[in-house]
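Q: Here you go, one structure.
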Amino acid sequence: MTTFKRSLMMAPALRLLTLLLVILGAGIVQADFGDYADTSFDCPAITTCPTVCTEAAADCPTNCAEGKELCADGSCKTQCDGTEYNKCAALFACTTFSCAKINTDFDTCEEDYRSYYDKASECAWSIKEHHEVSFWEPAFVFCYVWIIFVTVLVVWWGVYNQRLVKVPNSTLQLEESNATSHSGWTQTAYKYSRAGRFIYFTTMKTWWSIQFLLAMLTVLYYQQQGYILQSYPVWFEDVKQVLFAFEITWMVGFVWCLVLAWPDSLRNYFLRRCRFDEADFVAVHVPDASFSSTQNDSSSSGKSVPFYIKNILKATTTLHGWLNSVLSTFFSDDTRKKEGGNYTYCPVEEDEQGNKSFYFRLRRYNYDDNESAEKFVPGVVHIGTTIGDLRSLRHGLSPEEVDQYLKAAGPNSIRLKKPNLLDSIYDEFGKLFYLYQNFLIWAWFPLWFFYIAILHTVVRVAGGLSVAYFKWKNDCCLYQLGQVTGDVDVLRDGQFISLPQQALVPGDIVAISSGLQYCDMVLLEAEHILVDESALTGEVTPIAKTALDAGESDKAYDPAMHKKHTISAGTTVIESDEQGKDLAVVTKTGSFTSKGELLRDILSYKRHRFKFDVEIEIVILILALYAVFCMIITLYFLEDEPVYGWFYGMYVVGTALPPLLPTVFVVSVGISDNRLLKKRIACTDSEGILVAGKVKVAFFDKTGTLTEQGLAFLSALSGSNWNKDIPSVPPSDELVRGMAVCHTLSKTVDGILVGNSVDITMFQQSGAKLEAYPDRPISVVESSGRSLTVLKRFDFDHRRMTQAVIVKDADGNILTYVKGSAESIKRICNPRSLPVEFDEIARRCARDGIYQIAMGVSDHLSSDVDIATISRDDAEANIDFVGFLNFKNVLKAETRQVLKELEEGDVRSAMITGDNVLTGINIAQECNLIPVGWRVLLGSSINSEGEIIWIDSATDEVAKAPTLDMLDGPASHVALAVTGETWSKLLETPEYAVQLSEHIRVYGRCTPNDKVSIVSTFVKKGNITLMCGDGGNDCGALKTAHVGIALSRAEASVVSPFTSLDLSLTAVTDILKEGRCALASAFSSYKYMIVYGQVETLSQVINAYFRITFADWNWTFMDGIWLISLAFALSLAEPAARLSPKRPTSSLLGPQTLSSVLGILFLNYFFTMLAIAALFGADWFSCRQWEFTDISNVLTIGDNYESEVIFLVTGYQYISSAIAFNFGYTYRAGWFRNYWFVFFALLWTTIHFIVTLVPSELSCLFRVNCSNEDVVTSVTSIDPQPINNPYNTTLMPADFRWVLILMMLLNLSANVCWDYFIVYGSVGEKIVVFIKKRISKKPAVTDDLRFSESTEKGFAPVIT
């Protein structure tokens, strides 16, 4: 947390202190009631002339009628009661006598009594203390010199630190491992410096001095107004000089602070470069992956981007590059100018032994003092490369080894900073946008607008707090995943001792106990280990783990290849040996673990960039230019009052850039996140919800995802008793024995079978019993009572597609059983043992949707062989075919409905499975993933010439290779299916593969790497992808897809951003509905913010033209109550019941968004002008126009018919625009389903119409339709204030009130019709189609992503 951010966060506190001083020093202004109000609405209008103040009664031009007594307030009564308020005595020291009031028309008042009014004003001016200020007094000169001096110091420090006195080798590459470097990552050493600290201290004091000067000048303004500190001497000649000084301070301070916000950290900017052995901080620079593409956007903008956006984006990029270049030169930082990106300053820690280290993205980096290095390197510990190396680590570590490894790898903890809500608030309010908001709020404090400054502070703080809260919640969820707690038994120096989990280092031997594990380990001894890996993989089935195989000692240890022997951090051990005989060696700790790597990916992951991420900069630039234009217009209208014109101009700027604009997307996402959690869908990356709103392609695993987790057993076909036409023939004893032993099942202490669901079903069909006891090998007792001992198991290998087991029967014979896919068993079986119809049966079963397992057996191993040394290749040799086991996939009840809804929602679905591709085709046809009656072409194999053989899956007839003409025809009705092997072959011609991928519905026999390859191809192509699986071999694909959904019971799974805790496939449609709803709601709120800002900007400009303003309660409702309630209520819309055929836009500058915003703005502007024209066309208004030009006191220029009409019409536009934007269209629930919004819309509409039609105290709250007898307390005064206009009333004729109501209703109807029927309705669709036909020479290619070069992943997507 930088001091600059803290200072920015504390600025509201200084403003609050200023406000308290103003309020506590305020005097009570007495009201002057009872003046005559002409309600006849005739012309000329009769009024009570302003009180004539003279030195004595004899000087009065008017007297009371006979029989009346002149009272102190100028009223004539039969008898004065002594409570009358003498306004003359309060305002003028030398003309203290109030003459008798007279009722006549205002022009006569001005003509007859102007000389008396002028004399009173001259008297007041003559006795007021004046101090002419030239702005070159010593105090001002000191301020000028000081700001220049500090600026020179800042520039000098950059030149000195980065250019003049360079430190050799202070910037070096940062390595990700001991052998490789991350492209472009650098490390730079910095240390504290006295000179740097002095300049930093001076800079921050200057920042605070600017805030203090603004506060002091605000107080002096109200002193000049006689409101506070009246007994203290004045410092300026008049109010204008105070305000001019305020303006100079504001502009200099804003530019100065804005420039100082450019460095990533102002405090760190004043650190001194040094050698790495002296470093207090290491600055890690990570280049911006999209920086080069930003510099050359034209190459990546894609055909789907409208030309006007391209041109604006090009101009914006040029401007951004120029500013970046100027500031880089100013601060002498050429790195950001060339590469973009940002710096992370990591504090260097030093332990008791003097070892230095720092952490970056959870990774520990240690200082290497070797002469060839002299830099920080990753703390990697290697404890062995082969299985034999790991098996030899059985004696534990010595204290010296522990110290060495601890120095390198650090404690076994993941250095996630504990989320703190205050820190989140500091970070949020430290952003550049809030610097702009901070100075903008200061501009509201003078001119009696301090209550608006308070209001804007509340609005901005509320918005910032909302964003900070949602981010804090997301950080808390992530933090929980990285916690390390508990103790573990560790073998140190030959003895087991209990140590905290944080004390583990690579090479430690630990005794496995039940509970959550916090390091990566490989099992050395395993009597009985059952684990739950759902938090890491999403796999819901408990898994049995075994010890390393001594027969593979010469093989390299690979955690992926040897998953059966590996326990990863984040795994929960369900059962283990109570005697502590299950031993494992720690291989990785901290951030190097599997869980640590996943968390690093999450922390370093940047959400896929939407087009609005790019376009928001353009929008802000456009709004800024528009604000400047409106400010110039305002200054033109007030050219004779430039000091006051500046403030009016700043108010225009403040509304042109709406204060809550940055919050709309975060709030919408947070609301959707909460709704998903109520549906038992956990989310670890809430920003992924917006990405889900643009999903175009969805991939599904088959077993456990589209189908039930378990399979139904159908039949067994024995090779020794083969009859393809009579599958009900009982299986052979050999096949039944294989069913009993060929699996990796285990038993819990409660006797429950644990393992693969297919294995469990197969084993149960065999009728055998599994016996598992401590200190004894697993044995299987057949239904006949014959016992077999399991000697060795080989887990399922995704590359081999086989699983094997070695057993010994009661006669001492050694048998090897192997099961796997039909293709893999055929490959390793003796050809003579295979039935002639082997291929035919396999294909027929697969075509019928049967999940088929082939089994073989071998007895070639002798009884005296050392089983522990048997390799898998030896075990799976000389296999004879035994038979087939047939299972049936059972579709989940919701599968058909989910896929149907996705198709209706324009989301293309495909299946990726490891099963036989024909089985996949059958399931796809059963669930309508492939429509009924469609022809399916299968890329089944590759011939000797390297060409893919395509066949008709229904007839097995060879077909022609598919072409786009064949597939794209409107009546083609052809779908494609491929195997993992043929997909890899297709990728050799990427363009052809991408074209065909649009039509591939089933990918069969896919390895985990194949699944990743398929998903990544679609990602690179530009499709927003979704992957849904139950974990296990889907992990890579789940992480590769834009939206990963794991069907798992782990509440916080790091394998994917979304987890369905109910294992329901409906989570897919729920997430997509919420994604589209969040995106549409965010855009509705965004459009509302833009419209609100521009409507208020126009009203501000009109006010400047008429030299008027609104009353204080009007501003309170417009900028506070209406804005907050309606903007946030818009985000509460529920998702639509079904997916729309189209996805919501994500373009701020797209035709749909622009036409919606600009259309409603035009309608609002039109009705505003229409209302003003109606007012000026009214006969009764011709003698009641506002003709005063003095704008020095905003409290006296709000009671007029011009401001009244503008407020009523534009004020209701706040409500009517929100009503138009609340329509859900096809992405959100119906208008009336957003109950909170309906409540607020009806409430504010009712109040607004009552205020317009019914004169009352409620209408007087807004100074509308108000007479003095009904006035109420305002925001800025303690007592009610009289109407401040010559007519003593703002009451309008009843017929004109109804005219305004009609205009509001027409405005509402026009807004609703424009947005609902034109922009998003059938009319708009027809217009779009017509325009496309007229301007498109060829069909536009609309990609969901645009790509550019990236230093890390090869592309930088921008979602449209």
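The chains in the structure tokens are called A, B, ... from first to last as shown; in each chain the residues are counted from 1, and the ligands are counted from 1 in the order shown.
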Pick out the residues sitting within 10 Å of Phe360 in chain A, and hand them over as a list in words; count only C-alpha atoms, and ignore anything fewer than 4 positions along from it in its own chain.
A: Val282, Ala283, Val284, Thr344, Tyr345, Cys346, Pro347, Arg364, Tyr365, Pro378, Arg415 and Arg600 of chain A
Q: Counting only C-alpha atoms, what is within 10 Å of range 453-456 of chain A, bar same-chain residues fewer than 3 positions away, as a ChimeraX atom specification?
A: /A:12,15-16,19,437-438,440-446,448-450,459-462,654,659,1115-1117,1119-1121
Q: Apply DSSP to the structure's backbone, then extract all residues of range 130-213 of chain A labelled alpha helix (DSSP H) and return them as a VMD selection string.
A: chain A and resid 138 to 159 194 to 213
